[in-house]
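Raw target30.cif, mmCIF, C-alpha atoms:
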```
data_coords
loop_
_atom_site.label_atom_id
_atom_site.label_comp_id
_atom_site.auth_asym_id
_atom_site.auth_seq_id
_atom_site.Cartn_x
_atom_site.Cartn_y
_atom_site.Cartn_z
CA MET A 18 0.00 0.00 0.00
CA SER A 19 1.50 3.32 -1.08
CA THR A 20 2.06 6.10 1.45
CA PRO A 21 -0.27 9.07 0.87
CA ALA A 22 1.40 12.34 -0.11
CA ARG A 23 2.05 14.66 2.78
CA LEU A 24 0.28 17.97 3.17
CA PRO A 25 2.14 21.28 2.77
CA ALA A 26 4.04 22.59 5.81
CA ARG A 27 1.81 25.69 5.83
CA PHE A 28 -1.04 23.63 7.26
CA ALA A 29 0.85 23.51 10.57
CA ASP A 30 0.36 27.29 10.59
CA LEU A 31 -3.36 26.72 9.99
CA LYS A 32 -3.53 24.66 13.17
CA GLN A 33 -1.72 27.42 15.05
CA GLU A 34 -4.16 29.96 13.60
CA ILE A 35 -7.18 27.94 14.69
CA ALA A 36 -5.71 27.47 18.16
CA GLY A 37 -5.37 31.24 18.48
CA LEU A 38 -9.00 31.86 17.61
CA TYR A 39 -10.49 30.13 20.64
CA PRO A 40 -9.74 30.96 24.31
CA ASN A 41 -7.98 28.19 26.25
CA PHE A 42 -7.98 26.12 23.08
CA GLN A 43 -5.68 23.33 24.25
CA GLU A 44 -7.49 22.82 27.56
CA SER A 45 -10.95 23.04 25.99
CA VAL A 46 -10.38 20.65 23.12
CA THR A 47 -8.40 18.20 25.25
CA GLN A 48 -11.35 17.92 27.62
CA ALA A 49 -13.74 17.66 24.68
CA TRP A 50 -11.51 15.01 23.04
CA SER A 51 -11.63 12.84 26.15
CA GLU A 52 -15.42 13.17 26.34
CA ILE A 53 -15.83 12.36 22.64
CA LEU A 54 -13.65 9.23 22.89
CA ALA A 55 -15.60 8.05 25.93
CA GLN A 56 -18.91 8.60 24.15
CA LEU A 57 -17.66 6.87 21.01
CA LYS A 58 -16.83 3.80 23.04
CA VAL A 59 -20.42 3.63 24.29
CA VAL A 60 -22.13 4.48 21.01
CA ASN A 61 -19.96 2.17 18.92
CA THR A 62 -20.93 -0.74 21.15
CA GLU A 63 -24.62 -0.01 20.61
CA ILE A 64 -24.17 0.41 16.85
CA ALA A 65 -22.34 -2.90 16.63
CA LYS A 66 -25.22 -4.61 18.42
CA ALA A 67 -27.67 -3.29 15.84
CA GLY A 68 -25.86 -5.02 12.98
CA PRO A 69 -26.09 -4.30 9.23
CA ASP A 70 -29.85 -4.51 9.03
CA ALA A 71 -30.60 -1.36 10.90
CA SER A 72 -26.90 5.51 5.97
CA ARG A 73 -18.72 17.97 1.64
CA GLY A 74 -15.32 20.33 1.45
CA THR A 75 -12.01 18.84 2.44
CA ILE A 76 -9.34 21.01 4.10
CA GLU A 77 -11.92 23.81 3.70
CA ARG A 78 -13.61 22.58 6.87
CA TRP A 79 -10.70 24.06 8.80
CA GLU A 80 -9.23 26.55 6.29
CA ASP A 81 -12.33 28.47 5.12
CA PRO A 82 -13.50 30.89 7.88
CA ALA A 83 -17.19 30.57 6.99
CA PHE A 84 -17.07 26.78 6.83
CA ARG A 85 -15.03 26.60 10.03
CA GLU A 86 -17.78 28.61 11.74
CA CYS A 87 -20.05 25.59 11.26
CA PHE A 88 -17.83 23.70 13.71
CA SER A 89 -17.12 26.53 16.17
CA ASP A 90 -18.88 24.75 19.04
CA ILE A 91 -16.59 21.76 18.56
CA LEU A 92 -13.45 23.88 18.28
CA SER A 93 -14.39 25.82 21.42
CA GLY A 94 -14.79 22.57 23.37
CA ASN A 95 -18.60 22.68 23.48
CA TRP A 96 -18.99 19.76 21.09
CA ARG A 97 -22.35 18.62 22.49
CA SER A 98 -23.85 21.95 21.35
CA HIS A 99 -22.82 21.36 17.73
CA ASP A 100 -25.86 21.32 15.44
CA PRO A 101 -24.93 19.76 12.07
CA TYR A 102 -28.24 20.96 10.63
CA GLU A 103 -27.62 24.64 11.43
CA LEU A 104 -27.35 26.58 8.16
CA LYS A 105 -25.24 29.43 9.57
CA GLY A 106 -21.89 29.33 7.83
CA ARG A 107 -22.87 26.64 5.34
CA LEU A 108 -24.79 28.93 2.96
CA ASN A 109 -21.69 31.02 2.20
CA ALA A 110 -18.99 28.45 2.91
CA SER A 111 -16.40 27.74 0.24
CA THR A 112 -16.22 23.99 -0.13
CA SER A 113 -13.93 24.09 -3.18
CA ARG A 114 -11.21 26.71 -2.64
CA TYR A 115 -8.84 24.97 -5.07
CA ASP A 116 -11.31 24.23 -7.92
CA ARG A 117 -10.36 20.56 -7.93
CA PRO A 118 -12.30 18.50 -10.49
CA SER A 119 -15.01 16.27 -9.01
CA GLN A 120 -15.30 18.39 -5.85
CA ALA A 121 -18.69 20.01 -5.26
CA SER A 122 -18.74 23.79 -5.02
CA VAL A 123 -22.53 23.90 -4.66
CA PHE A 124 -24.32 23.94 -1.33
CA ARG A 125 -26.18 20.69 -0.74
CA THR A 126 -28.56 20.26 2.16
CA PHE A 127 -28.43 16.50 1.69
CA GLN A 128 -26.72 13.97 -0.49
CA GLY A 129 -29.05 11.40 -1.97
CA TRP A 130 -29.71 8.73 -4.51
CA LEU A 131 -32.68 7.27 -6.33
CA ALA A 132 -32.81 3.48 -6.48
CA MET A 133 -33.13 2.02 -9.97
CA SER A 134 -33.05 -1.60 -8.79
CA GLU A 135 -33.72 -3.69 -5.73
CA THR A 136 -30.69 -3.42 -3.46
CA ALA A 137 -30.32 -4.83 0.04
CA PRO A 138 -27.53 -5.09 2.62
CA THR A 139 -24.56 -7.14 1.28
CA GLN A 140 -25.64 -6.26 -2.28
CA GLY A 141 -23.49 -3.16 -2.83
CA THR A 142 -25.68 -0.68 -1.00
CA LEU A 143 -24.94 2.46 0.98
CA ARG A 144 -23.25 2.26 4.40
CA VAL A 145 -23.09 5.07 6.97
CA TYR A 146 -21.73 5.85 10.41
CA PRO A 147 -25.10 6.68 12.00
CA ASP A 148 -24.11 9.49 14.42
CA VAL A 149 -23.23 12.73 12.61
CA LEU A 150 -22.69 14.71 15.85
CA LEU A 151 -20.05 12.34 17.19
CA ALA A 152 -18.40 11.79 13.82
CA ASN A 153 -18.17 15.54 13.14
CA SER A 154 -16.74 16.21 16.60
CA TYR A 155 -14.14 13.47 16.24
CA LEU A 156 -13.09 14.34 12.68
CA ILE A 157 -12.75 18.07 13.37
CA LEU A 158 -10.56 17.56 16.49
CA ARG A 159 -8.57 14.57 15.21
CA PRO A 160 -5.83 16.75 13.55
CA PHE A 161 -4.97 18.28 16.91
CA PHE A 162 -4.11 14.99 18.63
CA GLN A 163 -1.46 12.31 18.09
CA PRO A 164 -1.12 8.85 19.69
CA THR A 165 1.62 8.15 22.21
CA ALA A 166 1.04 4.39 22.26
CA SER A 167 1.84 1.90 19.54
CA VAL A 168 -0.85 0.91 17.08
CA GLY A 169 -2.35 -2.37 18.20
CA SER A 170 -1.39 -1.97 21.85
CA PRO A 171 -4.15 -2.87 24.34
CA ASP A 172 -4.61 0.73 25.49
CA PHE A 173 -4.17 2.39 22.11
CA LEU A 174 -7.67 3.92 22.15
CA ASN A 175 -7.39 5.18 25.73
CA PRO A 176 -7.69 9.02 25.82
CA GLU A 177 -4.60 9.12 28.06
CA ASN A 178 -2.55 7.77 25.15
CA TRP A 179 -3.48 10.68 22.86
CA LYS A 180 -1.75 14.05 23.35
CA PHE A 181 -2.51 17.54 22.06
CA ASP A 182 -0.05 18.30 19.24
CA ILE A 183 -0.29 21.01 16.58
CA SER A 184 3.29 20.81 15.32
CA SER A 185 2.45 18.63 12.30
CA PRO A 186 0.86 19.93 9.07
CA GLU A 187 -1.07 16.68 8.63
CA PHE A 188 -4.86 16.56 8.75
CA PRO A 189 -5.62 12.83 8.92
CA GLY A 190 -7.83 11.74 6.06
CA ILE A 191 -7.00 14.78 3.88
CA TYR A 192 -4.79 14.10 0.85
CA PRO A 193 -3.41 16.22 -2.03
CA LYS A 194 -5.11 15.49 -5.33
CA ASP A 195 -5.40 17.19 -8.74
CA GLY A 196 -4.16 20.57 -7.53
CA GLY A 197 -6.41 20.54 -4.48
CA TYR A 198 -7.26 18.19 -1.65
CA TYR A 199 -9.38 15.10 -1.17
CA GLY A 200 -11.25 13.90 1.90
CA PRO A 201 -11.92 13.68 4.74
CA GLN A 202 -11.56 9.97 4.15
CA PRO A 203 -11.76 8.24 7.53
CA THR A 204 -9.87 4.98 7.83
CA ALA A 205 -9.45 2.42 10.57
CA GLU A 206 -5.75 3.35 10.77
CA MET A 207 -6.09 7.14 10.92
CA HIS A 208 -9.41 7.30 12.81
CA PRO A 209 -9.36 4.22 15.03
CA HIS A 210 -11.92 5.43 17.58
CA LEU A 211 -14.70 5.32 14.98
CA GLU A 212 -14.17 1.53 14.76
CA LEU A 213 -15.42 1.67 11.18
CA GLU A 214 -14.97 -2.05 10.60
CA LYS A 215 -17.89 -2.76 12.92
CA THR A 216 -19.91 0.48 13.05
CA MET A 217 -20.58 1.24 9.37
CA THR A 218 -24.25 0.36 8.91
CA SER A 219 -25.99 -0.64 5.69
CA VAL A 220 -29.30 1.01 4.78
CA PRO A 221 -32.35 -1.27 4.62
CA LYS A 222 -33.47 -2.87 1.38
CA VAL A 223 -34.67 -0.42 -1.28
CA TYR A 224 -36.79 -0.86 -4.38
CA PRO A 225 -36.88 1.02 -7.69
CA GLY A 226 -38.15 4.53 -6.98
CA ASP A 227 -37.04 4.59 -3.35
CA THR A 228 -34.92 7.60 -2.42
CA VAL A 229 -32.31 7.79 0.32
CA PHE A 230 -30.99 11.10 1.65
CA TRP A 231 -28.15 11.59 4.11
CA HIS A 232 -26.41 14.59 5.72
CA CYS A 233 -23.38 15.70 3.71
CA ASP A 234 -21.16 15.36 6.80
CA VAL A 235 -22.15 11.74 7.42
CA VAL A 236 -19.29 9.26 7.03
CA HIS A 237 -20.48 7.00 4.23
CA SER A 238 -19.30 4.40 1.75
CA VAL A 239 -20.55 1.69 -0.57
CA GLU A 240 -20.31 -1.96 0.37
CA HIS A 241 -17.21 -3.59 -1.12
CA GLU A 242 -18.92 -6.90 -1.81
CA HIS A 243 -22.04 -7.62 -3.85
CA THR A 244 -23.55 -10.99 -3.02
CA GLY A 245 -26.79 -10.43 -4.94
CA THR A 246 -27.80 -11.81 -8.32
CA GLY A 247 -28.71 -8.55 -10.07
CA ASP A 248 -27.19 -5.16 -10.69
CA SER A 249 -27.13 -2.56 -7.92
CA ALA A 250 -28.09 0.65 -9.75
CA VAL A 251 -28.82 4.12 -8.39
CA MET A 252 -28.93 7.69 -9.70
CA TYR A 253 -27.07 10.23 -7.56
CA ILE A 254 -29.46 13.15 -6.97
CA PRO A 255 -28.49 15.48 -4.08
CA ALA A 256 -30.76 18.16 -2.63
CA VAL A 257 -29.51 21.52 -3.96
CA PRO A 258 -31.68 24.48 -2.84
CA LEU A 259 -31.75 27.83 -4.60
CA THR A 260 -29.22 30.05 -2.82
CA PRO A 261 -27.02 32.91 -4.14
CA LEU A 262 -24.05 30.52 -4.24
CA ASN A 263 -25.99 27.87 -6.10
CA GLN A 264 -27.47 30.42 -8.52
CA LYS A 265 -23.93 31.33 -9.57
CA TYR A 266 -23.25 27.66 -10.18
CA VAL A 267 -26.38 27.33 -12.33
CA GLU A 268 -25.14 30.22 -14.47
CA ARG A 269 -21.79 28.46 -14.99
CA GLN A 270 -23.57 25.18 -15.65
CA ARG A 271 -25.77 26.86 -18.30
CA GLU A 272 -22.74 28.13 -20.21
CA ALA A 273 -21.16 24.68 -20.15
CA PHE A 274 -24.43 23.09 -21.34
CA LEU A 275 -24.78 25.53 -24.25
CA LYS A 276 -21.23 24.69 -25.35
CA GLY A 277 -21.68 20.94 -24.91
CA GLU A 278 -18.94 20.90 -22.26
CA CYS A 279 -18.74 18.99 -18.99
CA PRO A 280 -20.45 20.98 -16.22
CA PRO A 281 -18.51 22.63 -13.39
CA ASP A 282 -17.53 20.38 -10.45
CA PHE A 283 -17.17 17.41 -12.83
CA PRO A 284 -14.04 15.92 -14.41
CA LYS A 285 -12.81 17.93 -17.36
CA GLY A 286 -12.98 16.30 -20.77
CA PRO A 287 -14.08 16.68 -24.39
CA GLY A 288 -17.74 17.01 -23.42
CA GLU A 289 -20.73 15.97 -25.52
CA ALA A 290 -20.76 18.58 -28.33
CA ILE A 291 -19.80 16.02 -31.00
CA PHE A 292 -22.24 13.34 -29.84
CA THR A 293 -25.26 12.39 -31.94
CA GLY A 294 -28.51 13.17 -30.16
CA VAL A 295 -26.92 15.30 -27.44
CA GLY A 296 -29.45 17.34 -25.46
CA LYS A 297 -30.20 20.86 -26.61
CA VAL A 298 -32.06 23.83 -25.15
CA ASP A 299 -35.22 22.91 -27.05
CA ASP A 300 -35.27 19.50 -25.37
CA ILE A 301 -35.92 21.07 -21.96
CA LEU A 302 -39.64 21.77 -22.00
CA SER A 303 -40.86 22.15 -18.43
CA PRO A 304 -40.55 25.49 -16.58
CA ILE A 305 -38.96 23.69 -13.63
CA GLY A 306 -36.36 22.04 -15.84
CA ARG A 307 -35.53 25.27 -17.66
CA ARG A 308 -35.19 27.13 -14.37
CA ALA A 309 -32.88 24.45 -13.02
CA MET A 310 -30.65 24.91 -16.09
CA GLY A 311 -30.74 28.72 -15.87
CA LEU A 312 -32.72 29.06 -19.10
CA PRO A 313 -35.42 31.70 -19.77
CA ILE A 314 -39.01 30.69 -19.04
CA SER A 315 -41.86 31.65 -21.34
CA VAL A 316 -44.74 33.43 -19.65
CA ALA A 317 -48.18 33.05 -21.26
#
```

Re-express the file's structure as structure tokens.
Amino acid sequence: MSTPARLPARFADLKQEIAGLYPNFQESVTQAWSEILAQLKVVNTEIAKAGPDASRGTIERWEDPAFRECFSDILSGNWRSHDPYELKGRLNASTSRYDRPSQASVFRTFQGWLAMSETAPTQGTLRVYPDVLLANSYLILRPFFQPTASVGSPDFLNPENWKFDISSPEFPGIYPKDGGYYGPQPTAEMHPHLELEKTMTSVPKVYPGDTVFWHCDVVHSVEHEHTGTGDSAVMYIPAVPLTPLNQKYVERQREAFLKGECPPDFPKGPGEAIFTGVGKVDDILSPIGRRAMGLPISVA
């Protein structure tokens, strides 16, 4: 397994900057860290009992001031007061400061997909860590702590074996990619207290037409194995409300559509202009569809 590329040294300064924004930062987050680890131990046990039958931005979460404001309760040590559904900060947050391809710059209230086939647990369905408050609190504070015990030691997860340390530029789970950054990508190695190998929970069986929505901060993945006999097919359709930020995206998307190019936030490529039967403006008939594409609407 290759070693992920290291983050730039300047991100150590980002940690120092964040530490200077909150009074008694080290004491507050150290106390919060201990509480979070203790709560994770309890919650993970309950999640594991439930079994598999019971479902945005990378470095921007810390680097962008507006996005960071979404996690201010966690960074001030008051992690239990964190409300992941509070819109303050999220409406104007920059989730794509580096314009990396395949990274969403739009504001999504929820991620979601529409089932096109029957899909059940163990058949390549969605899996989630079902506690967004705890996961957010842990992921946001994880860069400020390093283990003092060896991986695999009996007391490795003990809060006493994790010390406050902001000397490193690393943000676990964040990796350089395509001129920007990718993640957070929690792993059992970098985020051991989440105990992902036993806590990731599959969504119940879905049928064609069923829709599943989940909070954009929720740790999620797709099952690695597919033991079913048919295809597992879904259409990814997030919830994207009309906001000033999203309106700007629609305007950029419209220009790409008119040129037959790939839309913003998607991988760059030759686009569809040379394809036979490619969609045109006249193919979008409904007022709702035309509005979604930023096209003028006829008024009778």

May I have a table of the residues of stretch 180-296 of chain A lying at most 10 Å from stretch 23-26 of chain A, giving each one's closest pair of atoms and their distance in Å to one decimal, counting all atoms listed in the file, ordered by chain and ascending residue number, as a tab-separated table?
```
residue	atom	partner	partner_atom	distance
A:Ser184	CA	A:Ala26	CA	9.7
A:Ser185	CA	A:Ala26	CA	7.8
A:Pro186	CA	A:Ala26	CA	5.3
A:Glu187	CA	A:Leu24	CA	5.8
A:Phe188	CA	A:Leu24	CA	7.7
A:Pro189	CA	A:Leu24	CA	9.7
A:Ile191	CA	A:Leu24	CA	8.0
A:Tyr192	CA	A:Leu24	CA	6.8
A:Pro193	CA	A:Leu24	CA	6.6
A:Tyr198	CA	A:Leu24	CA	9.0
```

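Picked by the PyMOL selection byres ((chain A and resi 166) around 12) from the coordinates shown: A:Gln163, A:Pro164, A:Thr165, A:Ser167, A:Val168, A:Gly169, A:Ser170, A:Pro171, A:Asp172, A:Phe173, A:Leu174, A:Asn175, A:Pro176, A:Glu177, A:Asn178, A:Trp179, A:Lys180.
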
Let me see the file: selected residues, C-alpha atoms, as a compact mmCIF listing (two decimals), in the coordinates of the input.
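So out_15.txt came out as:
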```txt
# COMPACT_ATOMS: atom_id res chain seq x y z
CA GLN A 163 -1.46 12.31 18.09
CA PRO A 164 -1.12 8.85 19.69
CA THR A 165 1.62 8.15 22.21
CA SER A 167 1.84 1.90 19.54
CA VAL A 168 -0.85 0.91 17.08
CA GLY A 169 -2.35 -2.37 18.20
CA SER A 170 -1.39 -1.97 21.85
CA PRO A 171 -4.15 -2.87 24.34
CA ASP A 172 -4.61 0.73 25.49
CA PHE A 173 -4.17 2.39 22.11
CA LEU A 174 -7.67 3.92 22.15
CA ASN A 175 -7.39 5.18 25.73
CA PRO A 176 -7.69 9.02 25.82
CA GLU A 177 -4.60 9.12 28.06
CA ASN A 178 -2.55 7.77 25.15
CA TRP A 179 -3.48 10.68 22.86
CA LYS A 180 -1.75 14.05 23.35
```

- Task: Give me the result of the PyMOL selection byres ((chain A and resi 182) around 6) on this file, residue by residue, as a list in words.
- Result: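 Evaluating the PyMOL selection byres ((chain A and resi 182) around 6) on these coordinates yields Phe161, Phe162, Phe181, Ile183 and Ser184 of chain A.
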
Residues just named, written with C-alpha atoms as a CSV table (one decimal), in the coordinates of the input:
```csv
chain,number,residue,atom,x,y,z
A,161,PHE,CA,-5.0,18.3,16.9
A,162,PHE,CA,-4.1,15.0,18.6
A,181,PHE,CA,-2.5,17.5,22.1
A,183,ILE,CA,-0.3,21.0,16.6
A,184,SER,CA,3.3,20.8,15.3
```

query: So which residues touch stretch 47-52 of chain A within 8 Å, counting only C-alpha atoms, skipping near sequence neighbours fewer than 5 positions away, as a ChimeraX atom specification?
result: /A:91,94-96,155,158,176,181

**Asked** Which residue out of A:Leu131, A:Asn153, A:Pro281, A:Lys265 has the minimum interatomic distance to A:Gly226 when only C-alpha atoms are used?
**Response**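 Of all the options, A:Leu131 lies closest to A:Gly226.
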
For A:His208, the closest of A:Arg159, A:Arg307, A:Arg27, A:His232 counting only C-alpha atoms is A:Arg159
